[in-house]
>>> print(open('final-v1.cif').read())   # mmCIF, C-alpha atoms
data_work
#
loop_
_atom_site.label_atom_id
_atom_site.label_comp_id
_atom_site.auth_asym_id
_atom_site.auth_seq_id
_atom_site.Cartn_x
_atom_site.Cartn_y
_atom_site.Cartn_z
CA MET V 1014 11.52 -18.48 -0.32
CA THR V 1015 10.50 -14.93 0.55
CA ALA V 1016 7.07 -13.53 -0.21
CA THR V 1017 8.59 -11.41 -2.97
CA GLU V 1018 10.22 -14.44 -4.57
CA THR V 1019 6.96 -16.35 -4.29
CA LEU V 1020 5.04 -13.64 -6.12
CA LEU V 1021 7.73 -13.21 -8.78
CA GLU V 1022 7.58 -16.95 -9.37
CA ALA V 1023 3.80 -16.65 -9.64
CA VAL V 1024 4.29 -14.02 -12.35
CA ARG V 1025 6.46 -16.46 -14.28
CA ASP V 1026 3.86 -19.19 -13.82
CA ILE V 1027 1.00 -17.11 -15.23
CA SER V 1028 3.08 -15.39 -17.91
CA PRO V 1029 1.70 -17.63 -20.70
CA ILE V 1030 -1.84 -16.46 -19.82
CA ILE V 1031 -0.79 -12.79 -19.70
CA ARG V 1032 1.04 -13.10 -23.02
CA LYS V 1033 -1.81 -15.00 -24.67
CA TYR V 1034 -4.35 -12.24 -24.02
CA ALA V 1035 -2.11 -9.18 -24.51
CA ASP V 1036 -3.31 -8.56 -28.08
CA ALA V 1037 -6.93 -8.98 -27.01
CA ALA V 1038 -6.49 -6.34 -24.31
CA GLU V 1039 -5.14 -3.90 -26.88
CA ARG V 1040 -7.96 -4.68 -29.30
CA GLU V 1041 -10.82 -4.71 -26.80
CA ARG V 1042 -9.54 -1.70 -24.79
CA LYS V 1043 -9.61 -3.57 -21.51
CA MET V 1044 -7.59 -6.29 -19.84
CA SER V 1045 -8.98 -9.75 -20.48
CA GLU V 1046 -10.90 -11.50 -17.72
CA PRO V 1047 -8.63 -14.60 -17.65
CA VAL V 1048 -5.66 -12.36 -16.87
CA ALA V 1049 -7.45 -10.59 -14.03
CA ARG V 1050 -8.53 -13.95 -12.63
CA ALA V 1051 -5.00 -15.39 -12.90
CA MET V 1052 -3.47 -12.42 -11.09
CA GLN V 1053 -6.14 -12.60 -8.41
CA GLN V 1054 -5.62 -16.33 -7.83
CA ALA V 1055 -1.84 -15.83 -7.75
CA GLY V 1056 -2.27 -13.29 -4.94
CA LEU V 1057 -0.72 -10.41 -6.87
CA TYR V 1058 -3.48 -7.97 -5.94
CA ARG V 1059 -2.72 -8.63 -2.25
CA MET V 1060 0.95 -7.64 -2.32
CA TRP V 1061 0.41 -4.43 -0.28
CA ARG V 1062 -2.62 -5.67 1.67
CA PRO V 1063 -2.14 -6.10 5.45
CA LYS V 1064 -1.16 -9.55 6.65
CA VAL V 1065 -4.23 -9.64 8.90
CA PHE V 1066 -6.31 -9.46 5.71
CA ASP V 1067 -4.30 -12.34 4.20
CA GLY V 1068 -2.06 -9.92 2.32
CA PHE V 1069 1.72 -9.91 1.92
CA GLU V 1070 2.39 -6.35 3.16
CA LEU V 1071 5.52 -6.12 1.02
CA ASP V 1072 7.96 -3.25 1.07
CA PRO V 1073 7.48 -0.72 -1.76
CA VAL V 1074 10.44 -1.77 -3.93
CA SER V 1075 9.40 -5.42 -3.86
CA GLY V 1076 5.95 -4.35 -5.03
CA PHE V 1077 7.46 -2.26 -7.83
CA ARG V 1078 9.52 -5.23 -9.00
CA ILE V 1079 6.42 -7.42 -9.26
CA ILE V 1080 4.51 -4.78 -11.23
CA GLU V 1081 7.55 -4.25 -13.44
CA ALA V 1082 7.77 -7.99 -14.16
CA VAL V 1083 4.12 -8.16 -15.21
CA SER V 1084 4.44 -4.99 -17.32
CA ARG V 1085 7.44 -6.45 -19.14
CA ILE V 1086 5.04 -9.10 -20.44
CA ASP V 1087 2.01 -6.85 -21.03
CA SER V 1088 1.53 -3.18 -20.20
CA ALA V 1089 -2.22 -3.56 -19.65
CA ALA V 1090 -1.80 -6.28 -17.04
CA GLY V 1091 0.96 -4.37 -15.28
CA TRP V 1092 -1.02 -1.14 -15.25
CA ASN V 1093 -4.16 -2.82 -13.92
CA LEU V 1094 -2.15 -4.58 -11.23
CA GLN V 1095 -0.53 -1.38 -10.00
CA ILE V 1096 -3.85 0.46 -9.94
CA ALA V 1097 -5.45 -2.16 -7.70
CA ALA V 1098 -2.41 -2.52 -5.43
CA ALA V 1099 -2.12 1.25 -5.12
CA HIS V 1100 -5.76 1.67 -4.15
CA ASP V 1101 -5.25 -0.85 -1.35
CA LEU V 1102 -3.06 1.77 0.33
CA PHE V 1103 -6.00 4.18 0.65
CA ALA V 1104 -7.60 1.71 3.05
CA SER V 1105 -5.60 3.35 5.84
CA TRP V 1106 -8.09 6.22 5.90
CA PHE V 1107 -11.10 3.99 6.59
CA GLY V 1108 -12.09 2.59 9.94
CA ASP V 1109 -11.61 -1.07 10.78
CA ARG V 1110 -15.13 -2.13 9.87
CA ALA V 1111 -15.04 -0.51 6.44
CA ALA V 1112 -11.53 -1.81 5.75
CA ARG V 1113 -12.66 -5.39 6.42
CA GLU V 1114 -15.69 -4.99 4.17
CA ILE V 1115 -13.99 -3.19 1.28
CA PHE V 1116 -10.49 -4.70 1.22
CA GLY V 1117 -11.04 -8.39 1.92
CA ARG V 1118 -9.02 -11.24 0.45
CA ASP V 1119 -10.57 -11.20 -3.03
CA ALA V 1120 -10.95 -7.42 -3.37
CA ILE V 1121 -9.83 -5.63 -6.53
CA PRO V 1122 -10.17 -1.95 -5.61
CA VAL V 1123 -9.74 0.64 -8.36
CA GLY V 1124 -10.82 4.23 -8.81
CA ALA V 1125 -10.02 7.78 -9.80
CA PHE V 1126 -10.14 11.02 -7.87
CA ASN V 1127 -11.01 13.79 -10.28
CA PRO V 1128 -13.55 15.25 -10.46
CA ALA V 1129 -14.99 14.65 -7.01
CA ARG V 1130 -18.50 13.25 -6.89
CA LYS V 1131 -21.44 14.66 -4.93
CA ALA V 1132 -22.31 13.18 -1.53
CA VAL V 1133 -25.67 14.07 0.05
CA PRO V 1134 -26.07 13.01 3.72
CA VAL V 1135 -29.08 10.79 4.42
CA ASP V 1136 -30.08 8.60 7.33
CA GLY V 1137 -27.24 6.09 7.85
CA GLY V 1138 -24.95 7.29 5.08
CA TYR V 1139 -24.74 9.21 1.83
CA ARG V 1140 -26.32 9.27 -1.63
CA ILE V 1141 -23.50 9.45 -4.16
CA SER V 1142 -23.72 10.86 -7.69
CA GLY V 1143 -21.21 11.86 -10.33
CA ARG V 1144 -18.92 10.74 -13.11
CA THR V 1145 -15.17 10.20 -12.90
CA SER V 1146 -12.69 9.70 -15.75
CA PHE V 1147 -9.60 7.51 -16.23
CA VAL V 1148 -10.77 4.59 -14.08
CA SER V 1149 -8.26 1.91 -15.05
CA GLY V 1150 -9.32 -1.70 -14.61
CA ALA V 1151 -12.96 -0.71 -14.37
CA TYR V 1152 -14.28 -3.98 -15.79
CA HIS V 1153 -12.54 -6.15 -13.18
CA ALA V 1154 -13.11 -4.11 -10.03
CA THR V 1155 -14.99 -5.25 -6.96
CA VAL V 1156 -15.18 -1.71 -5.57
CA PHE V 1157 -14.51 1.84 -6.76
CA LEU V 1158 -12.75 4.48 -4.66
CA GLY V 1159 -12.79 8.23 -5.18
CA PHE V 1160 -13.51 11.59 -3.65
CA ALA V 1161 -16.93 13.10 -2.98
CA ASN V 1162 -17.73 16.59 -1.75
CA VAL V 1163 -20.50 16.75 0.83
CA HIS V 1164 -23.59 18.78 -0.17
CA ASP V 1165 -26.51 19.87 1.97
CA GLY V 1166 -29.13 19.50 -0.70
CA ASP V 1167 -27.62 21.39 -3.62
CA THR V 1168 -25.32 23.51 -1.45
CA LEU V 1169 -21.66 22.57 -1.21
CA ARG V 1170 -20.52 22.21 2.38
CA VAL V 1171 -17.26 24.03 3.11
CA ASP V 1172 -14.98 24.31 6.12
CA SER V 1173 -13.84 27.46 7.94
CA SER V 1174 -11.23 28.16 5.23
CA GLY V 1175 -13.75 27.82 2.42
CA MET V 1176 -12.50 24.41 1.26
CA PRO V 1177 -14.98 21.64 0.32
CA ASP V 1178 -15.82 19.04 2.94
CA THR V 1179 -14.37 16.05 1.11
CA ARG V 1180 -14.79 12.34 1.77
CA LEU V 1181 -12.82 9.36 0.52
CA ILE V 1182 -15.60 7.03 -0.57
CA ALA V 1183 -16.06 3.47 -1.76
CA VAL V 1184 -18.89 2.29 -4.01
CA PRO V 1185 -19.58 -1.40 -4.80
CA ALA V 1186 -18.87 -2.33 -8.41
CA ASN V 1187 -22.41 -3.57 -8.97
CA LYS V 1188 -23.76 -0.09 -8.23
CA VAL V 1189 -21.88 1.81 -10.95
CA LYS V 1190 -22.17 2.27 -14.70
CA ILE V 1191 -19.06 1.95 -16.86
CA VAL V 1192 -19.07 4.44 -19.73
CA ASP V 1193 -17.13 2.73 -22.51
CA ASN V 1194 -15.12 5.67 -23.85
CA TRP V 1195 -11.45 4.68 -23.51
CA ASN V 1196 -10.33 5.53 -27.06
CA THR V 1197 -6.69 6.57 -26.85
CA MET V 1198 -3.31 6.64 -28.54
CA GLY V 1199 -1.74 4.24 -26.06
CA MET V 1200 -2.29 2.17 -22.92
CA ARG V 1201 -5.41 0.93 -24.69
CA GLY V 1202 -5.52 -2.31 -22.77
CA SER V 1203 -5.72 -0.56 -19.41
CA GLY V 1204 -9.48 -0.14 -19.80
CA SER V 1205 -9.46 3.31 -18.21
CA HIS V 1206 -13.07 4.15 -18.95
CA ASP V 1207 -15.31 6.68 -17.20
CA VAL V 1208 -17.42 5.44 -14.30
CA GLU V 1209 -20.78 6.98 -13.42
CA VAL V 1210 -22.69 6.76 -10.14
CA ASP V 1211 -26.31 7.91 -9.98
CA ASP V 1212 -27.81 8.48 -6.51
CA VAL V 1213 -26.25 5.34 -5.00
CA PHE V 1214 -26.48 4.82 -1.24
CA ILE V 1215 -23.33 3.96 0.71
CA PRO V 1216 -23.19 3.51 4.49
CA GLU V 1217 -21.61 6.26 6.53
CA HIS V 1218 -18.54 4.19 7.43
CA TRP V 1219 -17.73 3.80 3.71
CA ALA V 1220 -17.06 7.56 3.56
CA ALA V 1221 -13.91 8.63 5.41
CA PRO V 1222 -12.93 12.27 6.03
CA TRP V 1223 -10.14 13.12 3.60
CA GLY V 1224 -7.03 14.86 4.89
CA PRO V 1225 -3.50 14.04 6.07
CA LEU V 1226 -3.51 10.60 7.67
CA ARG V 1227 -3.71 10.94 11.45
CA ASN V 1228 -5.31 7.77 12.84
CA PRO V 1229 -4.92 4.80 10.50
CA GLY V 1230 -7.03 1.70 10.96
CA SER V 1231 -5.59 -0.95 13.26
CA ALA V 1232 -4.48 -3.10 10.31
CA TYR V 1233 -2.46 -0.21 8.87
CA THR V 1234 0.10 0.61 11.55
CA GLY V 1235 3.06 -1.19 9.94
CA PRO V 1236 5.99 0.57 8.21
CA LEU V 1237 4.50 0.32 4.72
CA TYR V 1238 1.55 2.47 5.72
CA ARG V 1239 3.76 5.13 7.32
CA LEU V 1240 4.65 6.05 3.74
CA THR V 1241 0.97 6.97 3.23
CA ILE V 1242 0.09 7.50 -0.45
CA TRP V 1243 3.63 7.63 -1.84
CA PRO V 1244 4.01 3.98 -2.86
CA ALA V 1245 0.59 4.32 -4.51
CA ILE V 1246 1.72 7.32 -6.56
CA ALA V 1247 5.04 5.69 -7.44
CA ALA V 1248 3.41 2.41 -8.48
CA LEU V 1249 2.56 4.27 -11.71
CA VAL V 1250 6.27 4.24 -12.55
CA ALA V 1251 6.73 0.46 -12.49
CA PRO V 1252 4.83 -0.19 -15.76
CA ALA V 1253 7.11 2.32 -17.49
CA LEU V 1254 10.14 0.33 -16.30
CA GLY V 1255 8.63 -2.90 -17.60
CA ILE V 1256 7.65 -1.39 -20.95
CA THR V 1257 11.16 0.00 -21.45
CA ARG V 1258 12.75 -3.33 -20.58
CA ALA V 1259 10.45 -5.05 -23.08
CA ALA V 1260 11.39 -2.53 -25.78
CA ILE V 1261 15.11 -3.14 -25.21
CA ASP V 1262 14.54 -6.90 -25.20
CA GLU V 1263 12.80 -6.71 -28.56
CA ALA V 1264 15.50 -4.45 -29.98
CA LEU V 1265 18.16 -6.97 -29.02
CA GLY V 1266 16.28 -9.58 -31.02
CA LEU V 1267 15.97 -7.31 -34.04
CA ILE V 1268 19.48 -5.84 -34.16
CA GLY V 1269 21.28 -9.07 -34.91
CA ASN V 1270 19.14 -9.95 -37.92
CA LYS V 1271 17.86 -6.81 -39.61
CA ILE V 1272 19.51 -5.25 -42.65
CA PRO V 1273 17.88 -1.84 -43.22
CA ALA V 1274 16.41 -1.07 -46.64
CA TYR V 1275 19.06 -0.04 -49.14
CA GLY V 1276 21.75 -1.12 -46.68
CA SER V 1277 24.33 -3.87 -46.83
CA THR V 1278 25.09 -4.63 -43.17
CA THR V 1279 23.00 -5.73 -40.23
CA LEU V 1280 22.12 -3.24 -37.51
CA ILE V 1281 24.47 -4.97 -35.10
CA LYS V 1282 27.47 -3.60 -37.02
CA GLN V 1283 26.29 0.03 -37.07
CA SER V 1284 27.95 2.32 -34.56
CA ILE V 1285 24.89 4.55 -34.16
CA VAL V 1286 22.80 1.52 -33.21
CA GLN V 1287 25.41 0.36 -30.72
CA SER V 1288 25.51 3.83 -29.16
CA GLN V 1289 21.74 4.31 -28.99
CA LEU V 1290 21.22 0.86 -27.48
CA ALA V 1291 23.79 1.61 -24.77
CA GLN V 1292 22.20 4.98 -24.03
CA ALA V 1293 18.75 3.38 -23.72
CA GLN V 1294 20.11 0.76 -21.33
CA ALA V 1295 21.82 3.45 -19.24
CA LYS V 1296 18.68 5.57 -19.02
CA LEU V 1297 16.65 2.61 -17.81
CA GLY V 1298 19.31 1.37 -15.39
CA ALA V 1299 20.14 4.76 -13.90
CA SER V 1300 16.55 5.93 -13.47
CA ARG V 1301 15.53 2.57 -12.02
CA ALA V 1302 18.40 2.66 -9.52
CA TYR V 1303 17.56 6.22 -8.41
CA PHE V 1304 13.86 5.37 -8.13
CA PHE V 1305 14.41 2.16 -6.16
CA GLY V 1306 17.08 3.82 -4.03
CA ALA V 1307 14.83 6.70 -3.04
CA PHE V 1308 12.09 4.33 -1.92
CA ASP V 1309 14.51 2.05 -0.11
CA GLU V 1310 15.71 5.11 1.84
CA ALA V 1311 12.10 5.98 2.71
CA TRP V 1312 11.46 2.35 3.69
CA GLN V 1313 14.43 2.30 6.05
CA ALA V 1314 13.10 5.46 7.70
CA ALA V 1315 9.66 3.85 8.03
CA LEU V 1316 11.20 0.73 9.59
CA ALA V 1317 12.84 3.02 12.15
CA GLY V 1318 9.43 4.45 13.00
CA LYS V 1319 10.10 7.84 11.46
CA ALA V 1320 7.43 9.92 9.75
CA ILE V 1321 7.91 10.74 6.09
CA THR V 1322 9.23 14.30 5.73
CA LEU V 1323 8.41 16.88 3.07
CA GLN V 1324 11.98 16.64 1.81
CA MET V 1325 11.66 12.88 1.43
CA LYS V 1326 8.33 13.27 -0.37
CA GLY V 1327 10.04 15.66 -2.76
CA LYS V 1328 12.76 13.11 -3.42
CA LEU V 1329 10.21 10.36 -4.07
CA GLN V 1330 8.31 12.57 -6.48
CA LEU V 1331 11.50 13.60 -8.25
CA ALA V 1332 12.69 10.01 -8.62
CA SER V 1333 9.26 8.98 -9.95
CA THR V 1334 8.91 11.72 -12.55
CA HIS V 1335 12.55 11.40 -13.59
CA ALA V 1336 12.21 7.64 -14.09
CA VAL V 1337 9.17 7.92 -16.34
CA LEU V 1338 10.64 10.68 -18.50
CA GLU V 1339 13.97 8.86 -18.83
CA CYS V 1340 12.13 5.68 -19.78
CA ALA V 1341 10.32 7.60 -22.51
CA GLN V 1342 13.64 8.84 -23.87
CA ALA V 1343 15.01 5.30 -23.79
CA VAL V 1344 12.02 3.99 -25.74
CA ASP V 1345 12.46 6.85 -28.25
CA LEU V 1346 16.03 5.66 -28.85
CA ILE V 1347 14.82 2.10 -29.37
CA HIS V 1348 12.16 3.36 -31.77
CA GLU V 1349 14.87 5.04 -33.83
CA ILE V 1350 16.88 1.82 -33.92
CA ALA V 1351 13.84 -0.15 -35.09
CA GLY V 1352 13.32 2.08 -38.13
CA ALA V 1353 10.36 1.01 -40.25
CA SER V 1354 9.89 -2.02 -38.00
CA GLY V 1355 8.84 0.46 -35.33
CA ILE V 1356 5.63 1.31 -37.16
CA ARG V 1357 4.54 -2.24 -38.01
CA GLU V 1358 2.02 -4.05 -35.82
CA ASP V 1359 4.03 -7.26 -36.36
CA TYR V 1360 6.38 -5.96 -33.68
CA GLY V 1361 5.80 -4.48 -30.23
CA PHE V 1362 7.80 -1.29 -30.85
CA ALA V 1363 4.80 0.83 -31.84
CA ARG V 1364 2.86 -0.23 -28.77
CA HIS V 1365 5.81 0.42 -26.45
CA PHE V 1366 6.19 3.88 -27.98
CA ARG V 1367 2.50 4.73 -27.62
CA ASP V 1368 2.20 3.32 -24.12
CA ILE V 1369 5.21 5.05 -22.62
CA HIS V 1370 4.18 8.44 -23.98
CA VAL V 1371 0.70 8.08 -22.52
CA ILE V 1372 2.25 7.38 -19.09
CA THR V 1373 4.34 10.57 -19.32
CA GLN V 1374 1.08 12.54 -19.42
CA HIS V 1375 -0.23 11.23 -16.11
CA GLY V 1376 -0.98 14.07 -13.71
CA PHE V 1377 0.98 12.48 -10.86
CA LEU V 1378 4.14 12.01 -12.93
CA ASN V 1379 4.36 14.57 -15.71
CA ALA V 1380 7.14 17.11 -16.18
CA SER V 1381 5.28 19.83 -14.27
CA LYS V 1382 6.16 17.96 -11.07
CA PHE V 1383 9.78 19.07 -11.48
CA GLU V 1384 8.56 22.58 -10.67
CA SER V 1385 6.86 21.34 -7.50
CA VAL V 1386 10.01 19.55 -6.35
CA GLY V 1387 12.09 22.62 -7.17
CA GLN V 1388 9.85 24.65 -4.87
CA ILE V 1389 10.70 22.28 -2.00
CA LEU V 1390 14.42 22.45 -2.78
CA LEU V 1391 14.22 26.24 -2.62
CA GLY V 1392 12.34 26.28 0.69
CA LEU V 1393 9.09 27.45 -0.93
CA GLU V 1394 5.59 26.17 -0.28
CA PRO V 1395 4.96 23.51 -2.96
CA GLU V 1396 1.85 23.93 -5.06
CA TRP V 1397 1.31 20.18 -5.56
CA PRO V 1398 -1.40 19.37 -2.96
CA PHE V 1399 -0.41 15.74 -2.43
CA PHE V 1400 2.76 16.79 -0.64
CA LYS V 1401 0.46 17.34 2.36
CA PHE V 1402 -0.21 13.61 2.58
#
>>> encode(input="final-v1.cif", output="structure tokens")
Amino acid sequence: MTATETLLEAVRDISPIIRKYADAAERERKMSEPVARAMQQAGLYRMWRPKVFDGFELDPVSGFRIIEAVSRIDSAAGWNLQIAAAHDLFASWFGDRAAREIFGRDAIPVGAFNPARKAVPVDGGYRISGRTSFVSGAYHATVFLGFANVHDGDTLRVDSSGMPDTRLIAVPANKVKIVDNWNTMGMRGSGSHDVEVDDVFIPEHWAAPWGPLRNPGSAYTGPLYRLTIWPAIAALVAPALGITRAAIDEALGLIGNKIPAYGSTTLIKQSIVQSQLAQAQAKLGASRAYFFGAFDEAWQAALAGKAITLQMKGKLQLASTHAVLECAQAVDLIHEIAGASGIREDYGFARHFRDIHVITQHGFLNASKFESVGQILLGLEPEWPFFKF
């Protein structure tokens, strides 16, 4: 059995726990502790961790499939899993000592990158202050990652081009304050609260210069890490795939039995329902195939020792944004099929609808990224800064 098969089997094994606490996550606005513990014990958080750190170091598509499988059961669990797995990939920027300390076997790293915090140099390290929003999985983290701009006292330190001197930092979970303010339309169970740090000391080696990856740590020289941050960005897509699959699954269960109000035949006999269901399935299948195909192409290049090109980054971004927006359209079609059942809490349709439309607003995936990809296709300098990484 391959590592991917082992982890997919682990998802099936813990699915009763994930399913049991899904409603609690939605209600309490954070994933339940038993689910986080089950995923940790099953090794799911270690899927993209280096083998030397007892990780599985899976290829990107295998990781996406695992996140998708969890998200099909519960969006909160899938979202929290992808956040932690994605943040593992930022370990490449740290030195060996920091990587061992921050990303050990039981680590659950999460974080957010905007706005950057303030880092004041002191003897042996930095004093970190600031508040960051949208920190998914905050209540289950062992460490928080993010950006911090170096200040000399109150003066921002800048380089020769006038850009801030930025560090990728890690702060232990027991040194931060979670600001419970995740009150949203959807993805409620993701627990994406603000996190505040007030004059917390971190050692110097826990603050890595931020820029294009030049010299990865010794544990991060394998093909997965040649793709730099792109599997981390694309991991955000996998929950959308799982949510859409769950919505179609539920529709299939409804269509055979429901007779709409004032109607005389079940939905299964209505041509519009048949057509919309097929369209939803096509949107999911086609976008998933393009998304997985783009990352398999990048993976093959990485296996051959090739660096990821700007054109390939553009393709990965395009496939990611396209997949999420197509998934949203598919869920919209399912919501139409469901009719009044789509607004009742007895079913999952309303949650699927809310969750998928929250994902479409994510800054790494939203429709504005089409413009950035179009700039690459036209030979222009793309405005999206992450294409430099």
>>> residues_near_point(input="final-v1.cif", point="(-13.9, -0.4, 2.4)", cutoff="12 Å", atoms="all atoms listed in the file", output="ChimeraX atom specification")
/V:1100-1117,1120-1123,1155-1159,1181-1185,1215-1221,1230
>>> resolve_selection(input="final-v1.cif", expression="the PyMOL selection byres ((chain V and resi 1045-1047) around 9)", output="PyMOL selection string")
chain V and resi 1030-1031+1034-1035+1037-1038+1041+1043-1044+1048-1052+1090+1152-1153+1202
>>> write_last_selection(input="final-v1.cif", atoms="C-alpha atoms", output="mmCIF file, keeping the file's coordinate frame")
data_model
loop_
_atom_site.group_PDB
_atom_site.id
_atom_site.type_symbol
_atom_site.label_atom_id
_atom_site.label_comp_id
_atom_site.auth_asym_id
_atom_site.auth_seq_id
_atom_site.Cartn_x
_atom_site.Cartn_y
_atom_site.Cartn_z
ATOM 1 C CA ILE V 1030 -1.840 -16.460 -19.820
ATOM 2 C CA ILE V 1031 -0.790 -12.790 -19.700
ATOM 3 C CA TYR V 1034 -4.350 -12.240 -24.020
ATOM 4 C CA ALA V 1035 -2.110 -9.180 -24.510
ATOM 5 C CA ALA V 1037 -6.930 -8.980 -27.010
ATOM 6 C CA ALA V 1038 -6.490 -6.340 -24.310
ATOM 7 C CA GLU V 1041 -10.820 -4.710 -26.800
ATOM 8 C CA LYS V 1043 -9.610 -3.570 -21.510
ATOM 9 C CA MET V 1044 -7.590 -6.290 -19.840
ATOM 10 C CA VAL V 1048 -5.660 -12.360 -16.870
ATOM 11 C CA ALA V 1049 -7.450 -10.590 -14.030
ATOM 12 C CA ARG V 1050 -8.530 -13.950 -12.630
ATOM 13 C CA ALA V 1051 -5.000 -15.390 -12.900
ATOM 14 C CA MET V 1052 -3.470 -12.420 -11.090
ATOM 15 C CA ALA V 1090 -1.800 -6.280 -17.040
ATOM 16 C CA TYR V 1152 -14.280 -3.980 -15.790
ATOM 17 C CA HIS V 1153 -12.540 -6.150 -13.180
ATOM 18 C CA GLY V 1202 -5.520 -2.310 -22.770
#
>>> resolve_selection(input="final-v1.cif", expression="the PyMOL selection byres ((chain V and resi 1161) around 8)", output="ChimeraX atom specification")
/V:1129-1132,1141,1159-1160,1162-1163,1179-1182
>>> residues_around(input="final-v1.cif", residues="segment 1058-1064 of chain V", least_positions_apart="4", cutoff="7 Å", atoms="only C-alpha atoms", output="PyMOL selection string")
chain V and resi 1052-1053+1068-1071+1076+1094+1097-1098+1101+1121+1232-1233
>>> closest_atom_pairs(input="final-v1.cif", of="segment 1266-1308 of chain V", to="segment 1338-1345 of chain V", cutoff="8 Å", atoms="only C-alpha atoms", output="JSON lines")
{"residue": "V:Gln1292", "atom": "CA", "partner": "V:Ala1343", "partner_atom": "CA", "distance": 7.2}
{"residue": "V:Ala1293", "atom": "CA", "partner": "V:Ala1343", "partner_atom": "CA", "distance": 4.2}
{"residue": "V:Gln1294", "atom": "CA", "partner": "V:Ala1343", "partner_atom": "CA", "distance": 7.3}
{"residue": "V:Lys1296", "atom": "CA", "partner": "V:Glu1339", "partner_atom": "CA", "distance": 5.7}
{"residue": "V:Leu1297", "atom": "CA", "partner": "V:Cys1340", "partner_atom": "CA", "distance": 5.8}
{"residue": "V:Ser1300", "atom": "CA", "partner": "V:Glu1339", "partner_atom": "CA", "distance": 6.6}
>>> resolve_selection(input="final-v1.cif", expression="the PyMOL selection byres ((chain V and resi 1286) around 10)", output="number ranges by chain")
V: 1264, 1268, 1280-1285, 1287-1292, 1346-1347, 1349-1351
>>> write_last_selection(input="final-v1.cif", atoms="C-alpha atoms", output="PDB file, keeping the file's coordinate frame")
ATOM      1  CA  ALA V1264      15.500  -4.450 -29.980  1.00  0.00           C
ATOM      2  CA  ILE V1268      19.480  -5.840 -34.160  1.00  0.00           C
ATOM      3  CA  LEU V1280      22.120  -3.240 -37.510  1.00  0.00           C
ATOM      4  CA  ILE V1281      24.470  -4.970 -35.100  1.00  0.00           C
ATOM      5  CA  LYS V1282      27.470  -3.600 -37.020  1.00  0.00           C
ATOM      6  CA  GLN V1283      26.290   0.030 -37.070  1.00  0.00           C
ATOM      7  CA  SER V1284      27.950   2.320 -34.560  1.00  0.00           C
ATOM      8  CA  ILE V1285      24.890   4.550 -34.160  1.00  0.00           C
ATOM      9  CA  GLN V1287      25.410   0.360 -30.720  1.00  0.00           C
ATOM     10  CA  SER V1288      25.510   3.830 -29.160  1.00  0.00           C
ATOM     11  CA  GLN V1289      21.740   4.310 -28.990  1.00  0.00           C
ATOM     12  CA  LEU V1290      21.220   0.860 -27.480  1.00  0.00           C
ATOM     13  CA  ALA V1291      23.790   1.610 -24.770  1.00  0.00           C
ATOM     14  CA  GLN V1292      22.200   4.980 -24.030  1.00  0.00           C
ATOM     15  CA  LEU V1346      16.030   5.660 -28.850  1.00  0.00           C
ATOM     16  CA  ILE V1347      14.820   2.100 -29.370  1.00  0.00           C
ATOM     17  CA  GLU V1349      14.870   5.040 -33.830  1.00  0.00           C
ATOM     18  CA  ILE V1350      16.880   1.820 -33.920  1.00  0.00           C
ATOM     19  CA  ALA V1351      13.840  -0.150 -35.090  1.00  0.00           C
TER      20      ALA V1351
END
>>> atom_distance(input="final-v1.cif", atom1="atom CA of Val1024 of chain V", atom2="atom CA of Ala1260 of chain V")
19.0 Å
>>> residues_around(input="final-v1.cif", residues="Phe1305 of chain V", least_positions_apart="6", cutoff="9 Å", atoms="all atoms listed in the file", output="NGL selection string")
:V and (1073-1074 or 1077 or 1332)
>>> atom_distance(input="final-v1.cif", atom1="atom CA of Asp1359 of chain V", atom2="atom CA of Asn1270 of chain V")
15.4 Å
>>> closest_residue(input="final-v1.cif", among="V:Ala1186, V:Val1386, V:Met1325, V:Val1213", to="Ala1311 of chain V", atoms="all atoms listed in the file")
V:Met1325
>>> residues_around(input="final-v1.cif", residues="segment 1083-1085 of chain V", least_positions_apart="6", cutoff="10 Å", atoms="all atoms listed in the file", output="mmCIF file with C-alpha atoms, in the frame of the given file")
data_model
loop_
_atom_site.group_PDB
_atom_site.id
_atom_site.type_symbol
_atom_site.label_atom_id
_atom_site.label_comp_id
_atom_site.auth_asym_id
_atom_site.auth_seq_id
_atom_site.Cartn_x
_atom_site.Cartn_y
_atom_site.Cartn_z
ATOM 1 C CA LEU V 1021 7.730 -13.210 -8.780
ATOM 2 C CA VAL V 1024 4.290 -14.020 -12.350
ATOM 3 C CA ARG V 1025 6.460 -16.460 -14.280
ATOM 4 C CA ILE V 1027 1.000 -17.110 -15.230
ATOM 5 C CA SER V 1028 3.080 -15.390 -17.910
ATOM 6 C CA ILE V 1031 -0.790 -12.790 -19.700
ATOM 7 C CA ARG V 1032 1.040 -13.100 -23.020
ATOM 8 C CA MET V 1052 -3.470 -12.420 -11.090
ATOM 9 C CA LEU V 1057 -0.720 -10.410 -6.870
ATOM 10 C CA GLY V 1091 0.960 -4.370 -15.280
ATOM 11 C CA TRP V 1092 -1.020 -1.140 -15.250
ATOM 12 C CA ASN V 1093 -4.160 -2.820 -13.920
ATOM 13 C CA LEU V 1094 -2.150 -4.580 -11.230
ATOM 14 C CA GLN V 1095 -0.530 -1.380 -10.000
ATOM 15 C CA ALA V 1251 6.730 0.460 -12.490
ATOM 16 C CA PRO V 1252 4.830 -0.190 -15.760
ATOM 17 C CA ALA V 1253 7.110 2.320 -17.490
ATOM 18 C CA LEU V 1254 10.140 0.330 -16.300
ATOM 19 C CA GLY V 1255 8.630 -2.900 -17.600
ATOM 20 C CA ILE V 1256 7.650 -1.390 -20.950
ATOM 21 C CA THR V 1257 11.160 0.000 -21.450
ATOM 22 C CA ARG V 1258 12.750 -3.330 -20.580
ATOM 23 C CA ALA V 1259 10.450 -5.050 -23.080
ATOM 24 C CA ALA V 1260 11.390 -2.530 -25.780
ATOM 25 C CA ASP V 1262 14.540 -6.900 -25.200
#
